[in-house]
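data-v7.tsv follows (TSV, C-alpha atoms and all ligand atoms):
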chain	number	residue	atom	x	y	z
A	1	MET	CA	114.77	68.44	-56.19
A	2	ARG	CA	115.80	66.34	-59.20
A	3	LYS	CA	115.09	68.05	-62.56
A	4	PHE	CA	114.69	65.91	-65.66
A	5	LYS	CA	115.76	67.33	-69.03
A	6	LYS	CA	113.45	64.91	-70.78
A	7	PHE	CA	110.18	63.50	-69.61
A	8	TYR	CA	108.50	61.07	-71.98
A	9	ILE	CA	104.71	60.96	-71.95
A	10	GLU	CA	103.19	58.24	-74.07
A	11	THR	CA	100.08	59.86	-75.54
A	12	THR	CA	99.13	56.75	-77.52
A	13	SER	CA	100.39	53.18	-77.72
A	14	ILE	CA	99.00	52.81	-81.26
A	15	CYS	CA	101.01	53.28	-84.44
A	16	ASN	CA	99.75	53.44	-88.02
A	17	LEU	CA	102.96	51.77	-89.28
A	18	SER	CA	104.70	48.54	-88.38
A	19	CYS	CA	108.42	49.02	-88.88
A	20	THR	CA	110.44	45.83	-88.99
A	21	PHE	CA	112.84	47.06	-86.27
A	22	CYS	CA	110.06	48.14	-83.88
A	23	PRO	CA	108.45	45.26	-82.00
A	24	PRO	CA	104.72	45.99	-81.56
A	25	THR	CA	103.74	46.60	-77.96
A	26	GLN	CA	102.09	43.79	-76.02
A	27	ARG	CA	100.32	46.39	-73.86
A	28	ALA	CA	96.75	47.61	-74.26
A	29	LYS	CA	96.16	49.91	-77.21
A	30	GLY	CA	94.77	53.32	-76.40
A	31	PHE	CA	95.02	57.09	-76.20
A	32	ILE	CA	95.73	59.13	-73.10
A	33	SER	CA	92.61	60.93	-71.87
A	34	ILE	CA	92.62	64.69	-71.35
A	35	GLU	CA	91.99	64.05	-67.66
A	36	ASP	CA	94.93	61.64	-67.24
A	37	PHE	CA	97.21	63.91	-69.27
A	38	THR	CA	96.32	66.91	-67.10
A	39	LYS	CA	96.82	64.95	-63.89
A	40	THR	CA	100.18	63.64	-65.14
A	41	LEU	CA	101.39	67.15	-65.95
A	42	ASP	CA	100.38	68.37	-62.49
A	43	GLN	CA	102.36	65.52	-60.90
A	44	ILE	CA	105.55	66.04	-62.89
A	45	LYS	CA	105.57	69.84	-63.02
A	46	PRO	CA	108.12	70.29	-60.20
A	47	PHE	CA	110.47	67.84	-61.94
A	48	THR	CA	110.64	69.00	-65.55
A	49	ASP	CA	109.81	71.68	-68.10
A	50	TYR	CA	110.34	69.51	-71.18
A	51	ILE	CA	107.97	66.78	-72.21
A	52	TYR	CA	108.35	64.39	-75.14
A	53	PHE	CA	105.30	62.84	-76.78
A	54	HIS	CA	106.64	59.44	-77.68
A	55	VAL	CA	107.51	56.07	-76.26
A	56	LYS	CA	105.79	53.63	-78.59
A	57	GLY	CA	103.02	54.76	-80.91
A	58	GLU	CA	102.46	57.66	-83.28
A	59	PRO	CA	101.56	60.86	-81.39
A	60	LEU	CA	99.79	62.47	-84.36
A	61	LEU	CA	97.17	59.72	-84.23
A	62	HIS	CA	95.84	61.26	-81.01
A	63	PRO	CA	92.53	62.93	-81.98
A	64	LYS	CA	93.08	65.69	-79.39
A	65	ILE	CA	96.74	66.45	-80.09
A	66	GLY	CA	95.94	70.19	-80.38
A	67	GLU	CA	94.26	70.18	-76.99
A	68	LEU	CA	97.20	68.32	-75.40
A	69	LEU	CA	99.52	71.04	-76.70
A	70	ASP	CA	97.27	73.80	-75.36
A	71	ILE	CA	97.15	72.21	-71.89
A	72	ALA	CA	100.94	71.75	-71.91
A	73	HIS	CA	101.34	75.43	-72.72
A	74	GLU	CA	98.92	76.55	-69.99
A	75	LYS	CA	100.96	74.56	-67.49
A	76	GLY	CA	104.29	75.96	-68.68
A	77	PHE	CA	105.79	72.98	-70.55
A	78	LYS	CA	107.69	72.86	-73.82
A	79	VAL	CA	106.82	69.88	-76.01
A	80	ASN	CA	108.94	67.76	-78.35
A	81	ILE	CA	107.13	65.40	-80.69
A	82	THR	CA	108.67	62.40	-82.42
A	83	SER	CA	106.56	61.36	-85.39
A	84	ASN	CA	106.84	59.16	-88.47
A	85	GLY	CA	105.44	62.14	-90.40
A	86	THR	CA	102.79	60.26	-92.38
A	87	LEU	CA	99.93	62.23	-90.78
A	88	ILE	CA	101.56	65.66	-90.83
A	89	THR	CA	99.35	67.31	-93.45
A	90	LYS	CA	96.18	66.10	-91.77
A	91	ASN	CA	97.35	67.53	-88.44
A	92	LYS	CA	98.92	70.74	-89.71
A	93	ALA	CA	96.25	73.07	-88.35
A	94	LYS	CA	96.50	71.43	-84.91
A	95	LEU	CA	100.26	71.98	-84.72
A	96	LEU	CA	100.99	75.35	-86.30
A	97	ASN	CA	100.79	78.30	-83.91
A	98	LYS	CA	101.08	76.18	-80.79
A	99	PRO	CA	103.49	78.03	-78.50
A	100	ALA	CA	104.28	74.87	-76.48
A	101	LEU	CA	105.69	73.06	-79.52
A	102	ARG	CA	109.49	73.30	-79.30
A	103	GLN	CA	110.70	70.58	-81.65
A	104	ILE	CA	109.48	67.91	-84.03
A	105	ASN	CA	111.65	64.89	-84.84
A	106	PHE	CA	110.62	63.20	-88.06
A	107	SER	CA	111.62	59.52	-88.09
A	108	LEU	CA	112.25	59.28	-91.83
A	109	HIS	CA	113.68	55.77	-91.37
A	110	SER	CA	110.10	54.61	-90.83
A	111	PHE	CA	109.41	54.93	-94.59
A	112	ASP	CA	111.79	52.15	-95.59
A	113	GLY	CA	111.24	50.40	-92.26
A	114	HIS	CA	107.51	49.89	-92.89
A	115	PRO	CA	107.02	47.18	-95.52
A	116	GLY	CA	103.84	48.74	-96.97
A	117	SER	CA	105.21	52.27	-97.61
A	118	LYS	CA	104.36	53.85	-100.94
A	119	ASP	CA	105.32	57.12	-102.67
A	120	LYS	CA	108.54	58.21	-100.96
A	121	GLU	CA	108.56	61.49	-102.84
A	122	GLY	CA	105.02	62.40	-101.76
A	123	TYR	CA	105.78	61.40	-98.17
A	124	LEU	CA	108.81	63.68	-97.97
A	125	ALA	CA	107.11	66.50	-99.92
A	126	ASP	CA	104.29	66.65	-97.33
A	127	ILE	CA	106.79	66.81	-94.46
A	128	LEU	CA	108.92	69.47	-96.20
A	129	SER	CA	105.89	71.61	-96.93
A	130	PHE	CA	104.94	71.52	-93.24
A	131	VAL	CA	108.53	72.22	-92.17
A	132	ASN	CA	108.79	75.29	-94.43
A	133	GLU	CA	105.58	76.71	-93.08
A	134	ALA	CA	106.32	75.90	-89.43
A	135	VAL	CA	109.89	77.24	-89.44
A	136	ALA	CA	108.81	80.49	-91.12
A	137	ALA	CA	105.96	81.03	-88.65
A	138	SER	CA	107.59	80.03	-85.35
A	139	SER	CA	110.83	79.26	-83.57
A	140	ILE	CA	110.31	75.51	-83.90
A	141	ILE	CA	113.31	73.18	-84.30
A	142	ILE	CA	113.13	70.33	-86.80
A	143	SER	CA	115.19	67.16	-86.78
A	144	PHE	CA	115.07	64.62	-89.59
A	145	ARG	CA	116.11	61.22	-88.27
A	146	LEU	CA	117.56	58.42	-90.32
A	147	TRP	CA	118.40	55.91	-87.67
A	148	ASN	CA	118.78	53.00	-90.03
A	149	LEU	CA	122.45	52.84	-90.95
A	150	GLU	CA	124.09	49.45	-91.13
A	151	MET	CA	127.76	48.59	-90.96
A	152	ASP	CA	129.56	48.10	-94.29
A	153	ASN	CA	132.20	46.23	-92.38
A	154	GLU	CA	133.30	46.29	-88.73
A	155	THR	CA	134.19	49.96	-88.65
A	156	ASN	CA	132.39	51.65	-91.50
A	157	LEU	CA	128.81	52.79	-91.46
A	158	GLN	CA	126.97	52.49	-94.76
A	159	ARG	CA	126.52	56.20	-95.30
A	160	SER	CA	124.93	56.03	-98.70
A	161	LYS	CA	122.02	53.88	-97.61
A	162	ASN	CA	119.50	56.72	-97.72
A	163	ARG	CA	120.80	58.36	-100.90
A	164	GLU	CA	117.36	58.73	-102.46
A	165	LEU	CA	115.91	60.60	-99.48
A	166	LEU	CA	119.11	62.57	-98.97
A	167	SER	CA	119.06	63.75	-102.61
A	168	MET	CA	115.50	64.98	-102.19
A	169	ILE	CA	116.51	66.89	-99.04
A	170	GLU	CA	119.63	68.35	-100.70
A	171	LYS	CA	117.47	69.53	-103.59
A	172	ALA	CA	114.76	70.99	-101.35
A	173	PHE	CA	117.28	72.98	-99.28
A	174	GLN	CA	119.53	73.76	-102.28
A	175	LEU	CA	122.55	72.30	-100.53
A	176	ASP	CA	125.79	72.53	-102.48
A	177	TYR	CA	127.26	69.45	-100.77
A	178	LYS	CA	126.32	65.84	-100.23
A	179	ILE	CA	124.99	65.25	-96.73
A	180	GLU	CA	127.23	62.17	-96.31
A	181	GLU	CA	130.30	64.41	-96.64
A	182	LYS	CA	129.40	66.23	-93.43
A	183	PHE	CA	128.21	63.20	-91.55
A	184	LYS	CA	129.84	62.25	-88.25
A	185	PRO	CA	128.27	59.43	-86.21
A	186	GLY	CA	126.43	60.68	-83.15
A	187	THR	CA	126.08	64.30	-84.32
A	188	GLY	CA	123.62	66.04	-86.60
A	189	VAL	CA	124.20	67.96	-89.81
A	190	LYS	CA	122.72	71.46	-89.78
A	191	ILE	CA	121.02	71.82	-93.15
A	192	ALA	CA	119.27	75.15	-92.57
A	193	ASP	CA	118.40	77.49	-89.75
A	194	ARG	CA	116.79	75.34	-87.01
A	195	ILE	CA	116.71	72.27	-89.28
A	196	TYR	CA	118.98	69.29	-88.61
A	197	LEU	CA	119.50	65.83	-90.04
A	198	ASN	CA	120.65	62.98	-87.81
A	199	GLN	CA	121.88	59.67	-89.16
A	200	ASP	CA	122.70	56.83	-86.83
A	201	PRO	CA	122.89	53.05	-86.78
A	202	GLU	CA	119.69	51.10	-86.55
A	203	PHE	CA	118.24	51.23	-83.12
A	204	LYS	CA	117.50	48.11	-81.09
A	205	TRP	CA	114.96	48.10	-78.27
A	206	PRO	CA	116.21	46.51	-75.04
A	207	ASP	CA	114.60	43.13	-74.55
A	208	LEU	CA	114.70	40.53	-71.79
A	209	LYS	CA	115.29	37.94	-74.52
A	210	GLU	CA	118.61	39.57	-75.53
A	211	PRO	CA	121.90	38.28	-74.11
A	212	GLU	CA	123.07	39.86	-70.86
A	213	ASP	CA	126.46	41.56	-70.49
A	214	ASP	CA	128.57	42.24	-67.38
A	215	GLY	CA	126.30	45.17	-66.49
A	216	LYS	CA	129.10	47.69	-66.10
A	217	GLY	CA	128.34	51.15	-67.39
A	218	PHE	CA	126.20	54.19	-67.07
A	219	CYS	CA	122.79	55.46	-68.13
A	220	HIS	CA	121.08	58.80	-67.57
A	221	ALA	CA	117.79	57.17	-66.57
A	222	LEU	CA	116.15	58.80	-63.52
A	223	ARG	CA	119.01	61.32	-63.59
A	224	ASN	CA	117.94	63.43	-66.53
A	225	GLN	CA	115.07	61.42	-67.94
A	226	ALA	CA	111.99	59.46	-66.95
A	227	GLY	CA	108.73	58.53	-68.61
A	228	VAL	CA	105.15	57.45	-68.16
A	229	LEU	CA	103.13	55.02	-70.31
A	230	ILE	CA	99.47	55.64	-71.21
A	231	ASP	CA	98.19	53.57	-68.28
A	232	GLY	CA	100.23	55.66	-65.82
A	233	THR	CA	103.15	53.22	-65.38
A	234	VAL	CA	106.33	55.17	-64.60
A	235	ILE	CA	109.43	53.97	-66.50
A	236	PRO	CA	113.04	55.13	-66.10
A	237	CYS	CA	113.73	55.85	-69.78
A	238	CYS	CA	112.10	56.05	-73.21
A	239	LEU	CA	113.49	52.63	-74.17
A	240	ASP	CA	111.46	50.60	-71.73
A	241	GLY	CA	108.54	50.46	-74.15
A	242	GLU	CA	106.90	47.49	-72.40
A	243	GLY	CA	107.11	48.88	-68.87
A	244	VAL	CA	109.41	46.05	-67.70
A	245	ILE	CA	110.97	48.39	-65.13
A	246	ASN	CA	107.62	49.30	-63.64
A	247	LEU	CA	108.43	51.85	-60.94
A	248	GLY	CA	104.83	52.51	-59.90
A	249	ASN	CA	101.66	54.09	-61.22
A	250	ILE	CA	101.36	57.86	-61.33
A	251	HIS	CA	97.56	57.63	-60.89
A	252	GLU	CA	97.93	55.68	-57.64
A	253	THR	CA	101.10	57.07	-56.06
A	254	PRO	CA	102.53	60.61	-56.27
A	255	PHE	CA	105.41	60.83	-58.76
A	256	ALA	CA	107.66	62.26	-56.05
A	257	ASP	CA	107.19	59.06	-54.02
A	258	ILE	CA	107.70	56.81	-57.05
A	259	ILE	CA	111.14	58.20	-57.86
A	260	GLY	CA	112.10	57.90	-54.21
A	261	ASN	CA	110.96	54.27	-53.82
A	262	GLU	CA	113.27	51.31	-53.39
A	263	ARG	CA	113.34	50.13	-57.03
A	264	SER	CA	113.99	53.65	-58.37
A	265	THR	CA	116.69	54.31	-55.80
A	266	ARG	CA	118.45	51.03	-56.55
A	267	LEU	CA	118.47	51.79	-60.29
A	268	HIS	CA	119.70	55.36	-59.80
A	269	ASP	CA	122.36	54.54	-57.21
A	270	GLY	CA	123.48	51.51	-59.22
A	271	PHE	CA	124.34	53.74	-62.17
A	272	SER	CA	126.23	56.07	-59.80
A	273	ARG	CA	128.51	53.05	-59.22
A	274	ARG	CA	128.43	52.27	-63.00
A	275	GLU	CA	126.39	49.19	-62.32
A	276	ALA	CA	123.17	48.13	-64.08
A	277	VAL	CA	121.04	46.55	-61.36
A	278	GLU	CA	118.00	45.89	-63.58
A	279	GLU	CA	118.04	42.86	-65.87
A	280	LEU	CA	116.63	44.91	-68.77
A	281	CYS	CA	119.52	47.39	-68.39
A	282	ARG	CA	122.04	44.56	-68.66
A	283	LYS	CA	120.37	43.69	-71.98
A	284	CYS	CA	120.16	47.23	-73.34
A	285	GLY	CA	122.08	48.10	-76.50
A	286	TYR	CA	121.79	51.79	-75.74
A	287	ARG	CA	123.70	51.45	-72.48
A	288	GLN	CA	126.20	49.15	-74.20
A	289	ARG	CA	126.77	51.79	-76.87
A	290	PHE	CA	126.87	54.96	-74.79
A	291	GLY	CA	127.25	53.85	-71.17
A	301	LIG	S1	109.40	52.91	-85.37
A	301	LIG	FE1	107.90	54.55	-85.04
A	301	LIG	S2	106.72	54.58	-86.94
A	301	LIG	FE2	107.75	52.62	-86.91
A	301	LIG	S3	106.27	51.21	-85.97
A	301	LIG	FE3	107.61	51.98	-84.32
A	301	LIG	S4	106.50	53.73	-83.46
A	301	LIG	FE4	105.61	53.29	-85.50
A	302	LIG	S1	120.11	51.06	-69.45
A	302	LIG	FE1	118.63	51.03	-71.14
A	302	LIG	S2	116.78	50.05	-70.30
A	302	LIG	FE2	118.08	50.63	-68.57
A	302	LIG	S3	117.30	52.59	-67.91
A	302	LIG	FE3	118.99	52.97	-69.35
A	302	LIG	S4	118.07	53.18	-71.38
A	302	LIG	FE4	116.55	52.24	-70.01
What is this structure when it is put down as structure tokens?
Ligand code: SF4
Ligand code: SF4
Amino acid sequence: MRKFKKFYIETTSICNLSCTFCPPTQRAKGFISIEDFTKTLDQIKPFTDYIYFHVKGEPLLHPKIGELLDIAHEKGFKVNITSNGTLITKNKAKLLNKPALRQINFSLHSFDGHPGSKDKEGYLADILSFVNEAVAASSIIISFRLWNLEMDNETNLQRSKNRELLSMIEKAFQLDYKIEEKFKPGTGVKIADRIYLNQDPEFKWPDLKEPEDDGKGFCHALRNQAGVLIDGTVIPCCLDGEGVINLGNIHETPFADIIGNERSTRLHDGFSRREAVEELCRKCGYRQRFG
């Protein structure tokens, strides 16, 4: 039986921000129901222990986020949440003391990415206050993400781009070094016990409108990750935010059959030969970077 290290469950397709680098979804806006969430977990249980609440949308907007975490725990899953952090104080009581919650990734790049953002200091202070409380009370892992670096020139990443935020973090954790000094692309900087900071170049969603390459290369899709959108559409990876590679619907066909169907098998076996058989994969910057 194939075991996925990461299984993405889109709990909402709605976001309260509109970052310039994040094309808004063309799909229906909504929240996953408790019933659909429970059914999805039952379907995927043999295939994974780790679920990730994020594809598009802001998971903390879900009015029943606490209940989703409780159900995940009852069914033996560990949950990772990726959030822009703007709603963290409002949701604090629903997140603290939830044994299923393994990790929260805070996408700090969303602050500068969203044109209407105000009060950077207040934004970060709210997140840091939650982080202090959560780390002291549980074994949660925190990752601060700044995936917004640009190239200074062809080889150099502009490391100082987030200096203002980095200074606030250095001050809050009483770091005696500048975070840029420890930065290596592709790896995180450990800034305290169970707290990491990851900087990376700006992320680009794969898009059928992008130019196609020769399609040679590898991707872990359907090997160690898969996902499901709020309407039940199964996708091979967290980057297919529009469900272009629609492998089937988990509410109509058992997940075990979906990952064994012809389209899934062609995608999986194609990558075994280092070949991207799907058009979207041939237009995917992620595969081009890491594949
Ligand atoms: S990058 Fe994240 S926070 Fe920004 S619009 Fe997209 S989903 Fe929302
Ligand atoms: S190559 Fe890109 S679009 Fe294709 S499955 Fe992998 S991550 Fe998804």
Could you make a table, as a tab-separated table, of the residues of chain A that have an atom within 9 Å of an atom of ligand LIG 302 (chain A), each with its nearest atom pair and distance in Å to one decimal, counting all atoms listed in the file, in chain and number order?
residue	atom	partner	partner_atom	distance
A:Trp205	CA	A:LIG302	S2	8.4
A:Pro206	CA	A:LIG302	S2	5.9
A:Asp207	CA	A:LIG302	S2	8.4
A:Gly217	CA	A:LIG302	S1	8.5
A:Phe218	CA	A:LIG302	S1	7.2
A:Cys219	CA	A:LIG302	FE3	4.7
A:His220	CA	A:LIG302	FE3	6.4
A:Ala221	CA	A:LIG302	S3	4.8
A:Leu222	CA	A:LIG302	S3	7.7
A:Ala226	CA	A:LIG302	S3	8.7
A:Ile235	CA	A:LIG302	S3	8.1
A:Pro236	CA	A:LIG302	S3	5.3
A:Cys237	CA	A:LIG302	FE4	4.6
A:Cys238	CA	A:LIG302	FE4	6.7
A:Leu239	CA	A:LIG302	FE4	5.2
A:Asp240	CA	A:LIG302	S2	5.5
A:Val244	CA	A:LIG302	S2	8.8
A:Ile245	CA	A:LIG302	S2	8.0
A:Leu267	CA	A:LIG302	S3	7.8
A:His268	CA	A:LIG302	S3	8.9
A:Phe271	CA	A:LIG302	S1	8.8
A:Ala276	CA	A:LIG302	S1	6.8
A:Val277	CA	A:LIG302	FE2	8.8
A:Glu278	CA	A:LIG302	FE2	6.9
A:Glu279	CA	A:LIG302	FE2	8.2
A:Leu280	CA	A:LIG302	S2	5.4
A:Cys281	CA	A:LIG302	FE2	3.6
A:Arg282	CA	A:LIG302	S1	6.8
A:Lys283	CA	A:LIG302	S2	7.5
A:Cys284	CA	A:LIG302	FE1	4.6
A:Gly285	CA	A:LIG302	FE1	7.0
A:Tyr286	CA	A:LIG302	FE1	5.6
A:Arg287	CA	A:LIG302	S1	4.7
A:Gln288	CA	A:LIG302	S1	8.0
A:Gly291	CA	A:LIG302	S1	7.9
Task: Expected answer as a count of residues only: residues within 8 Å of ligand LIG 301 (chain A), only C-alpha atoms and all ligand atoms - done: 22
Open item on the list: I need the residue nearest Arg102 of chain A from this list: A:Thr187, A:Glu262, A:Pro59, A:Phe53. Use all atoms listed in the file for the distance.
Closed with: A:Phe53
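Of the listed residues (A:Tyr177, A:Phe7, A:Phe37, A:Phe106), A:Phe106 comes nearest to Ile142 of chain A; the distances count all atoms listed in the file.
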Open item on the list: Using only C-alpha atoms - which residues lie no farther than 10 Å from the point (97.4, 54.2, -70.5) in the file's frame? Write them as a PyMOL selection string.
Closed with: chain A and resi 10-13+27-33+36-37+228-233
Open item on the list: One decimal, in Å: what's the spacing between atom CA of Glu202 of chain A and atom CA of Leu149 of chain A?
Closed with: 5.5 Å
Task: Among the residues A:Gln26, A:Thr82, A:Gln174, A:Asn224, the one that comes closest to Asn105 of chain A [using all atoms listed in the file] - done: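 Result for the nearest residue to Asn105 of chain A: A:Thr82.
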TODO: Give as an NGL selection string the set of residues within 12 Å of the point (118.2, 71.5, -93.7), where distances use the file's coordinates and all atoms listed in the file.
DONE: :A and (128 or 131-132 or 135 or 141-145 or 166-179 or 188-198)
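Taking atom CA of Lys39 of chain A and atom CA of Ile140 of chain A as the two end points, the separation is 26.3 Å.
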TODO: Pick out the closest residue to Gln43 of chain A from this set: A:Glu67, A:Asp269, A:Glu275, A:Glu252. Count all atoms listed in the file.
DONE: A:Glu252
Open item on the list: Just to confirm, what's the straight-line distance from atom CA of His54 of chain A to atom CA of Asp42 of chain A in Å (one decimal)?
Closed with: 18.7 Å
